[in-house]
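Structure file data12.txt; described as compact mmCIF, C-alpha atoms.
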# COMPACT_ATOMS: atom_id res chain seq x y z
CA MET W 24 9.36 -14.21 -3.91
CA THR W 25 11.39 -17.32 -3.17
CA ASN W 26 13.91 -15.56 -0.95
CA THR W 27 13.15 -16.10 2.75
CA ARG W 28 13.89 -12.49 3.64
CA ASP W 29 11.55 -11.22 0.92
CA VAL W 30 8.74 -13.45 2.20
CA LEU W 31 9.34 -12.27 5.77
CA LEU W 32 9.30 -8.61 4.68
CA PHE W 33 6.07 -9.20 2.74
CA GLY W 34 4.42 -10.94 5.69
CA LEU W 35 5.57 -8.34 8.20
CA LEU W 36 4.29 -5.49 6.02
CA ALA W 37 0.90 -7.21 5.66
CA ILE W 38 0.73 -7.60 9.45
CA VAL W 39 1.75 -3.97 10.10
CA TRP W 40 -0.82 -2.59 7.65
CA GLY W 41 -3.57 -5.12 8.37
CA SER W 42 -3.35 -4.63 12.13
CA GLY W 43 -3.63 -0.89 11.54
CA PHE W 44 -7.34 -1.32 10.79
CA THR W 45 -7.74 -3.03 14.16
CA ALA W 46 -5.94 -0.13 15.86
CA ILE W 47 -8.31 2.32 14.15
CA GLU W 48 -11.30 0.35 15.44
CA ILE W 49 -9.91 0.43 18.98
CA GLY W 50 -9.09 4.13 18.88
CA LEU W 51 -12.52 5.11 17.55
CA ASP W 52 -14.03 3.99 20.85
CA SER W 53 -12.30 6.94 22.56
CA LEU W 54 -11.47 9.49 19.85
CA PRO W 55 -13.54 11.38 17.25
CA PRO W 56 -12.53 10.11 13.79
CA LEU W 57 -11.06 13.22 12.16
CA LEU W 58 -9.12 14.29 15.24
CA PHE W 59 -7.91 10.71 15.68
CA ALA W 60 -6.59 10.68 12.10
CA ALA W 61 -4.94 14.07 12.65
CA PHE W 62 -3.16 12.83 15.78
CA ARG W 63 -1.92 9.80 13.82
CA PHE W 64 -0.17 11.99 11.27
CA ASP W 65 1.06 14.47 13.87
CA ALA W 66 3.00 11.57 15.37
CA ALA W 67 4.14 10.29 11.97
CA ALA W 68 5.31 13.74 10.84
CA LEU W 69 7.41 14.16 13.99
CA VAL W 70 9.13 10.83 13.40
CA PHE W 71 9.72 11.51 9.71
CA PHE W 72 11.25 14.94 10.38
CA ALA W 73 13.49 13.29 12.98
CA LEU W 74 14.57 10.81 10.29
CA VAL W 75 15.29 13.69 7.90
CA VAL W 76 17.54 15.32 10.50
CA ALA W 77 19.24 12.04 11.42
CA SER W 78 19.92 11.14 7.78
CA ARG W 79 20.97 14.72 6.89
CA ALA W 80 18.74 14.53 3.83
CA ARG W 81 17.79 17.66 1.92
CA TRP W 82 14.55 18.74 3.53
CA TRP W 83 13.40 21.78 1.50
CA PRO W 84 11.50 21.42 -1.84
CA ARG W 85 13.59 22.91 -4.64
CA ASN W 86 11.13 23.31 -7.49
CA ARG W 87 7.47 23.51 -8.41
CA ASP W 88 7.14 19.78 -9.00
CA ASP W 89 8.36 19.05 -5.47
CA VAL W 90 5.82 21.50 -4.04
CA TRP W 91 2.95 20.07 -6.08
CA LEU W 92 3.97 16.55 -5.14
CA VAL W 93 3.93 17.44 -1.44
CA LEU W 94 0.53 19.13 -1.77
CA THR W 95 -1.01 16.32 -3.83
CA THR W 96 0.25 13.65 -1.47
CA GLY W 97 -0.63 15.61 1.67
CA ILE W 98 -4.09 16.75 0.60
CA LEU W 99 -5.39 13.73 -1.32
CA LEU W 100 -3.40 10.65 -0.29
CA ILE W 101 -3.36 11.62 3.39
CA GLY W 102 -5.85 14.37 4.22
CA VAL W 103 -8.96 13.46 2.22
CA HIS W 104 -8.23 9.73 1.96
CA PHE W 105 -7.81 9.17 5.69
CA ALA W 106 -10.67 11.51 6.61
CA LEU W 107 -13.02 9.30 4.58
CA LEU W 108 -11.39 6.13 5.90
CA PHE W 109 -11.72 7.02 9.59
CA LEU W 110 -15.27 8.35 9.11
CA GLY W 111 -16.27 5.23 7.18
CA GLN W 112 -14.81 2.80 9.68
CA GLU W 113 -17.15 4.20 12.34
CA TYR W 114 -19.95 2.31 10.56
CA VAL W 115 -18.29 -0.97 9.53
CA SER W 116 -15.86 -3.51 10.92
CA SER W 117 -12.11 -3.24 10.43
CA SER W 118 -12.09 -6.21 8.04
CA VAL W 119 -14.81 -4.69 5.83
CA ALA W 120 -12.84 -1.42 5.74
CA ALA W 121 -9.69 -3.23 4.61
CA ILE W 122 -11.56 -5.16 1.91
CA VAL W 123 -13.29 -2.10 0.43
CA LEU W 124 -10.02 -0.13 0.35
CA SER W 125 -8.43 -2.91 -1.71
CA PHE W 126 -10.66 -1.62 -4.55
CA ALA W 127 -8.22 1.29 -5.09
CA PRO W 128 -5.83 -0.46 -7.53
CA ILE W 129 -8.80 -1.61 -9.61
CA VAL W 130 -10.23 1.86 -10.19
CA THR W 131 -6.78 3.35 -10.90
CA PRO W 132 -6.73 2.55 -14.68
CA ALA W 133 -10.07 4.33 -15.23
CA ILE W 134 -8.83 7.43 -13.40
CA ALA W 135 -5.51 7.30 -15.27
CA LEU W 136 -7.42 7.36 -18.57
CA ALA W 137 -9.04 10.66 -17.61
CA VAL W 138 -5.95 12.27 -16.07
CA LEU W 139 -2.99 10.95 -18.08
CA PRO W 140 -3.41 11.52 -21.86
CA ALA W 141 -0.99 8.75 -22.83
CA HIS W 142 -2.73 6.09 -20.73
CA ARG W 143 -4.80 3.45 -22.48
CA VAL W 144 -7.50 1.30 -20.90
CA ARG W 145 -7.73 -2.31 -22.03
CA ALA W 146 -10.79 -4.55 -22.06
CA THR W 147 -9.39 -6.44 -19.06
CA ASP W 148 -9.28 -3.15 -17.12
CA VAL W 149 -12.97 -2.53 -17.76
CA LEU W 150 -13.87 -6.11 -16.87
CA GLY W 151 -11.72 -5.97 -13.72
CA LEU W 152 -13.29 -2.68 -12.64
CA SER W 153 -16.79 -4.10 -13.15
CA ILE W 154 -16.10 -7.31 -11.23
CA GLY W 155 -14.35 -5.44 -8.42
CA PHE W 156 -17.26 -3.04 -8.08
CA VAL W 157 -19.68 -5.98 -7.85
CA GLY W 158 -17.54 -7.22 -4.96
CA VAL W 159 -17.91 -3.89 -3.16
CA VAL W 160 -21.68 -3.95 -3.74
CA ALA W 161 -21.86 -7.50 -2.36
CA ILE W 162 -20.21 -6.33 0.86
CA ALA W 163 -22.38 -3.21 1.12
CA ALA W 164 -25.63 -5.10 0.56
CA ALA W 165 -24.87 -7.89 3.03
CA GLY W 166 -27.89 -8.41 5.25
CA GLY W 167 -29.93 -5.92 3.24
CA SER W 168 -28.71 -2.98 5.32
CA LEU W 169 -29.41 0.43 3.85
CA GLY W 170 -28.34 2.41 6.91
CA GLY W 171 -25.02 2.89 8.59
CA ARG W 172 -23.25 -0.01 6.89
CA LEU W 173 -24.07 1.33 3.44
CA ALA W 174 -22.93 4.82 4.46
CA GLY W 175 -19.69 3.38 5.79
CA VAL W 176 -18.99 1.41 2.61
CA ALA W 177 -19.77 4.52 0.52
CA LEU W 178 -17.26 6.59 2.54
CA LEU W 179 -14.63 3.86 2.23
CA LEU W 180 -15.26 3.53 -1.49
CA GLY W 181 -14.71 7.28 -1.71
CA ALA W 182 -11.45 6.84 0.20
CA ALA W 183 -10.30 4.19 -2.30
CA ILE W 184 -11.17 6.40 -5.28
CA VAL W 185 -9.42 9.44 -3.78
CA PHE W 186 -6.32 7.35 -3.09
CA ALA W 187 -6.32 6.11 -6.70
CA LEU W 188 -6.74 9.69 -7.97
CA GLY W 189 -3.88 10.95 -5.83
CA SER W 190 -1.67 8.07 -6.94
CA VAL W 191 -2.29 8.90 -10.60
CA LEU W 192 -1.76 12.64 -10.14
CA THR W 193 1.62 12.13 -8.48
CA GLN W 194 2.85 10.53 -11.71
CA ARG W 195 2.66 13.93 -13.39
CA PHE W 196 5.48 15.35 -11.28
CA SER W 197 9.23 14.69 -11.28
CA ARG W 198 10.55 14.37 -7.75
CA THR W 199 13.93 15.76 -6.67
CA LEU W 200 13.09 15.86 -2.96
CA PRO W 201 14.42 12.84 -1.00
CA LEU W 202 11.64 10.37 -0.32
CA VAL W 203 11.87 10.65 3.47
CA SER W 204 11.59 14.46 3.22
CA LEU W 205 8.62 14.16 0.88
CA GLN W 206 6.89 11.91 3.39
CA ALA W 207 7.65 14.29 6.27
CA TRP W 208 6.15 17.31 4.50
CA SER W 209 3.20 15.29 3.19
CA MET W 210 2.37 14.02 6.68
CA LEU W 211 2.51 17.59 7.99
CA VAL W 212 0.19 18.88 5.26
CA GLY W 213 -2.17 15.93 5.72
CA ALA W 214 -2.30 16.44 9.48
CA GLY W 215 -3.13 20.11 8.93
CA ILE W 216 -5.99 19.19 6.58
CA LEU W 217 -7.36 16.70 9.11
CA HIS W 218 -7.13 19.19 12.00
CA ALA W 219 -8.99 21.78 9.90
CA ALA W 220 -11.69 19.24 9.03
CA SER W 221 -12.01 18.28 12.70
CA LEU W 222 -12.41 21.92 13.73
CA ALA W 223 -15.12 22.37 11.09
CA HIS W 224 -16.99 19.24 12.20
CA PRO W 225 -19.75 20.22 14.66
CA MET W 226 -19.49 16.97 16.64
CA GLU W 227 -15.72 17.02 17.17
CA THR W 228 -14.11 18.84 20.08
CA LEU W 229 -11.26 18.06 22.45
CA SER W 230 -13.85 17.61 25.19
CA THR W 231 -15.10 14.48 23.40
CA VAL W 232 -11.67 12.83 23.65
CA ASP W 233 -11.27 10.10 26.26
CA TRP W 234 -7.54 10.16 26.99
CA ASN W 235 -7.09 6.56 28.08
CA GLY W 236 -4.32 4.06 27.50
CA SER W 237 -6.04 2.44 24.53
CA ALA W 238 -6.42 5.77 22.73
CA LEU W 239 -2.78 6.74 23.26
CA ALA W 240 -1.58 3.28 22.24
CA ALA W 241 -3.70 3.41 19.06
CA ILE W 242 -2.26 6.82 18.10
CA ALA W 243 1.30 5.68 18.77
CA TYR W 244 0.86 2.38 16.93
CA LEU W 245 -0.73 3.95 13.87
CA GLY W 246 1.68 6.89 13.72
CA VAL W 247 4.93 5.05 14.35
CA VAL W 248 4.39 1.39 13.41
CA SER W 249 1.73 1.41 10.67
CA THR W 250 2.78 4.67 9.01
CA VAL W 251 6.54 5.08 9.52
CA GLY W 252 7.30 1.37 9.91
CA GLY W 253 5.04 0.51 6.99
CA PHE W 254 6.81 3.09 4.82
CA LEU W 255 10.25 1.67 5.59
CA LEU W 256 9.11 -1.92 5.07
CA TYR W 257 7.28 -1.13 1.83
CA PHE W 258 10.18 0.58 0.13
CA SER W 259 12.61 -2.06 1.32
CA LEU W 260 10.31 -4.70 -0.20
CA LEU W 261 9.80 -2.64 -3.36
CA GLU W 262 13.55 -2.39 -3.93
CA ARG W 263 14.01 -6.13 -3.46
CA VAL W 264 11.07 -7.61 -5.40
CA GLY W 265 9.77 -4.88 -7.72
CA PRO W 266 6.38 -3.13 -7.95
CA THR W 267 4.21 -6.06 -9.11
CA ASN W 268 5.20 -8.34 -6.24
CA ALA W 269 5.03 -5.48 -3.74
CA SER W 270 1.54 -4.47 -4.89
CA LEU W 271 0.21 -7.89 -3.89
CA VAL W 272 0.47 -6.85 -0.24
CA SER W 273 -2.76 -4.90 -0.79
CA TYR W 274 -4.54 -8.26 -1.00
CA ALA W 275 -2.81 -9.85 1.96
CA THR W 276 -3.68 -6.86 4.16
CA PRO W 277 -7.47 -7.53 4.28
CA VAL W 278 -6.82 -11.15 5.26
CA VAL W 279 -4.62 -10.01 8.15
CA ALA W 280 -7.20 -7.37 9.13
CA ALA W 281 -9.93 -10.03 9.21
CA VAL W 282 -7.81 -12.33 11.41
CA PHE W 283 -6.92 -9.55 13.85
CA GLY W 284 -10.51 -8.27 13.88
CA ALA W 285 -11.89 -11.73 14.66
CA ALA W 286 -9.24 -12.53 17.28
CA LEU W 287 -9.09 -9.20 19.13
CA LEU W 288 -12.48 -7.59 18.49
CA GLY W 289 -14.75 -10.58 17.94
CA GLU W 290 -15.70 -9.43 14.44
CA ALA W 291 -17.56 -11.94 12.29
CA ILE W 292 -16.20 -13.05 8.93
CA THR W 293 -19.31 -13.45 6.77
CA ALA W 294 -19.86 -15.23 3.48
CA ALA W 295 -20.60 -11.88 1.80
CA MET W 296 -17.20 -10.57 2.91
CA VAL W 297 -15.42 -13.62 1.51
CA VAL W 298 -17.29 -13.42 -1.80
CA GLY W 299 -16.78 -9.66 -2.05
CA PHE W 300 -13.07 -9.93 -1.36
CA GLY W 301 -12.76 -12.74 -3.90
CA LEU W 302 -14.43 -10.62 -6.59
CA ILE W 303 -12.19 -7.64 -5.79
CA ALA W 304 -9.10 -9.87 -5.97
CA VAL W 305 -10.24 -11.22 -9.37
CA GLY W 306 -10.79 -7.65 -10.54
CA PHE W 307 -7.27 -6.71 -9.47
CA ALA W 308 -5.81 -9.73 -11.29
CA LEU W 309 -7.60 -8.70 -14.51
CA CYS W 310 -6.39 -5.10 -14.23
CA GLN W 311 -2.82 -6.30 -13.60
CA ILE W 312 -2.92 -9.30 -15.92
CA ARG W 313 0.06 -8.25 -18.05
CA PRO W 314 2.56 -7.55 -15.25
CA LEU W 315 1.33 -10.60 -13.35
CA TRP W 316 1.79 -12.76 -16.45
CA ARG W 317 5.30 -11.36 -16.96
CA LEU W 318 6.02 -12.14 -13.32
CA VAL W 319 4.84 -15.76 -13.70
CA ARG W 320 6.77 -16.23 -16.96
CA GLY W 321 9.88 -14.72 -15.40
CA ARG W 322 9.77 -17.19 -12.53
CA SER W 323 9.23 -20.07 -14.94
CA ALA W 324 12.18 -18.94 -17.06
CA ARG W 325 14.41 -18.72 -14.01
CA ARG W 326 13.55 -22.31 -13.09
CA ARG W 327 14.61 -23.41 -16.61
CA ARG W 328 17.92 -21.53 -16.60
CA PRO W 329 21.14 -23.52 -16.84
CA ALA W 330 22.95 -24.09 -13.58
CA THR W 331 25.34 -21.35 -12.49
CA GLY W 332 28.33 -21.38 -10.23
CA THR W 333 31.70 -23.11 -10.33
CA VAL W 334 32.71 -26.68 -11.03
CA ARG W 335 36.07 -28.36 -10.54
CA VAL W 336 37.29 -30.82 -13.19
CA ARG W 337 40.66 -32.55 -12.74
CA GLY W 338 41.85 -29.83 -10.41
CA ASN W 339 40.80 -26.95 -12.71
CA GLU W 340 37.97 -24.61 -11.65
CA TYR W 341 35.43 -23.49 -14.26
CA VAL W 342 32.59 -20.95 -14.08
CA LEU W 343 29.19 -21.76 -15.54
CA GLU W 344 27.88 -18.60 -17.17
CA ASP W 345 24.16 -17.79 -16.83
CA VAL W 346 23.22 -17.10 -20.47
CA PRO W 347 20.35 -18.21 -22.75
CA ALA W 348 20.32 -21.95 -23.37
CA GLU W 349 21.29 -21.68 -27.03
CA ARG W 350 24.42 -19.71 -26.05
CA SER W 351 25.36 -21.44 -22.79
CA ARG W 352 28.99 -22.40 -22.44
CA VAL W 353 31.66 -23.22 -19.95
CA GLY W 354 34.42 -20.65 -19.54
CA THR W 355 37.63 -20.37 -17.65
CA GLY W 356 36.26 -17.68 -15.41
CA GLN W 357 38.21 -14.86 -17.01
CA GLY W 358 35.97 -11.91 -17.74
CA TYR W 359 32.85 -13.48 -16.21
CA GLY W 360 31.04 -11.87 -13.30
CA PRO W 361 28.78 -13.66 -10.84
CA SER W 362 25.31 -14.59 -12.02
CA SER W 363 22.70 -11.96 -11.21
CA GLY W 364 20.29 -14.67 -10.06
CA PRO W 365 16.59 -14.32 -9.28
CA GLY W 366 15.39 -11.18 -7.61
CA THR W 367 18.29 -8.89 -8.44
CA ASP W 368 16.39 -6.93 -11.07
CA ARG W 369 15.16 -4.32 -8.65
CA SER W 370 13.21 -1.89 -10.71
CA GLY W 371 10.60 -0.11 -8.68
CA SER W 372 8.53 2.98 -8.28
CA SER W 373 9.41 5.69 -5.79
CA HIS W 374 5.76 6.56 -5.43
CA PRO W 375 5.04 7.62 -1.85
CA VAL W 376 2.63 4.95 -0.77
CA ALA W 377 0.81 5.38 2.50
CA ASP W 378 -1.39 2.57 3.56
CA ASP W 379 -3.52 1.92 6.55

Just give me the structure as structure tokens.
Amino acid sequence: MTNTRDVLLFGLLAIVWGSGFTAIEIGLDSLPPLLFAAFRFDAAALVFFALVVASRARWWPRNRDDVWLVLTTGILLIGVHFALLFLGQEYVSSSVAAIVLSFAPIVTPAIALAVLPAHRVRATDVLGLSIGFVGVVAIAAAGGSLGGRLAGVALLLGAAIVFALGSVLTQRFSRTLPLVSLQAWSMLVGAGILHAASLAHPMETLSTVDWNGSALAAIAYLGVVSTVGGFLLYFSLLERVGPTNASLVSYATPVVAAVFGAALLGEAITAAMVVGFGLIAVGFALCQIRPLWRLVRGRSARRRRPATGTVRVRGNEYVLEDVPAERSRVGTGQGYGPSSGPGTDRSGSSHPVADD
């Protein structure tokens, strides 16, 4: 990501998602966790359906795959995932929550092996999973706590695993529904799951809600900025830089969460957190070693490419064609298009990512 706009998009997305953990921490002071999560996606669903209407996108699922994709995303990626996340963050700091959730991409290959018959697990996947899990254990065992902190980390680890499972399952379906419509329906289903879980929880009632400015601001920020804004930023970034670059935001998010948590909430950044996050990041790099290596080689190759553009010699303009070195030549400009340049290969997944 050498383009200034790409870097700004990446940084803004990391801030939007990382600060979301701080907003959760603030809202939990006034709202029960499951109801809080439900309110977040009530707000997000309203905004997404408004976007569907404004964009005149097709809003109704046409086939079975669309329906299953909505249900899988709504139930697992939103309902169960965020129920465990909000419950877990009651016991740990926002920065710890963000770090543990970054374990999700590491466990994904193991889940894909069980769910997708064609998927193969490499030795680097196993090593990455093992190292990443050691990082989670290091965070959970910090200070020797076996009480609330361990319970919180266990719930958050469950949230990461459920998110990885949902992400893998969505690959089994072919989407025809526009992405914004898929998100709208998924948010609605997820909100319904969270409301049902809140009603079933014996400690959660509307009477326990403290309707103050902080609670309302947290709901609005999470629903509109972190969820809807994060969605728009993520897919804009994904289109511009591709899935490997975009996935790296998962490891910038905990850093942002730690900074916001320390600055706004006075949360401590401990040595165990730093070590744990480092191990999880190493685990991710091992699991993604091939695409990361291709990314590094691609950048190196782009730096070695012949110059492109136009040159003027004795009043005549020539176009330098961007071709492999052994075939590079100078042409008259007839039949040559502009060089594609770095960053214009915009392959990317349309997977409906929802982060925190």

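The coordinates place CA of Phe126 in chain W at 23.1 Å from CA of Ala141 in chain W.
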
* Rank W:Thr267, W:Thr276, W:Ser53, W:Ser259 by their smallest atom-to-atom distance to Ile242 in chain W, using only C-alpha atoms, and report the top residue only. =>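 The closest residue to Ile242 in chain W is W:Ser53.
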
* Can you tell me, as a PyMOL selection string, what residues are no more than 12 Å from range 287-301 of chain W when counting only C-alpha atoms, ignoring any on the same chain fewer than 3 positions away? -> chain W and resi 42+44-49+52+115-126+151+154-167+273-284+304-308

* To do: Just the residues within 8 Å of Phe33 in chain W, please, counting all atoms listed in the file, with nothing from its chain fewer than 3 positions along; format it as a PyMOL selection string.
  => chain W and resi 29-30+36-37+260+269+272

* Restricting the calculation to all atoms listed in the file, which member of W:Leu188, W:Ala183, W:Ala240, W:Leu139 is positioned closest to Leu54 in chain W? ->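 Closest candidate: W:Ala240.
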
* Please identify all polymer residues within 12 Å of Val70 in chain W, counting only C-alpha atoms, omitting same-chain residues fewer than 4 positions from it, and present them as a PyMOL selection string. => chain W and resi 63-66+74-77+203-204+206-208+210-211+243+246-248+250-252+254
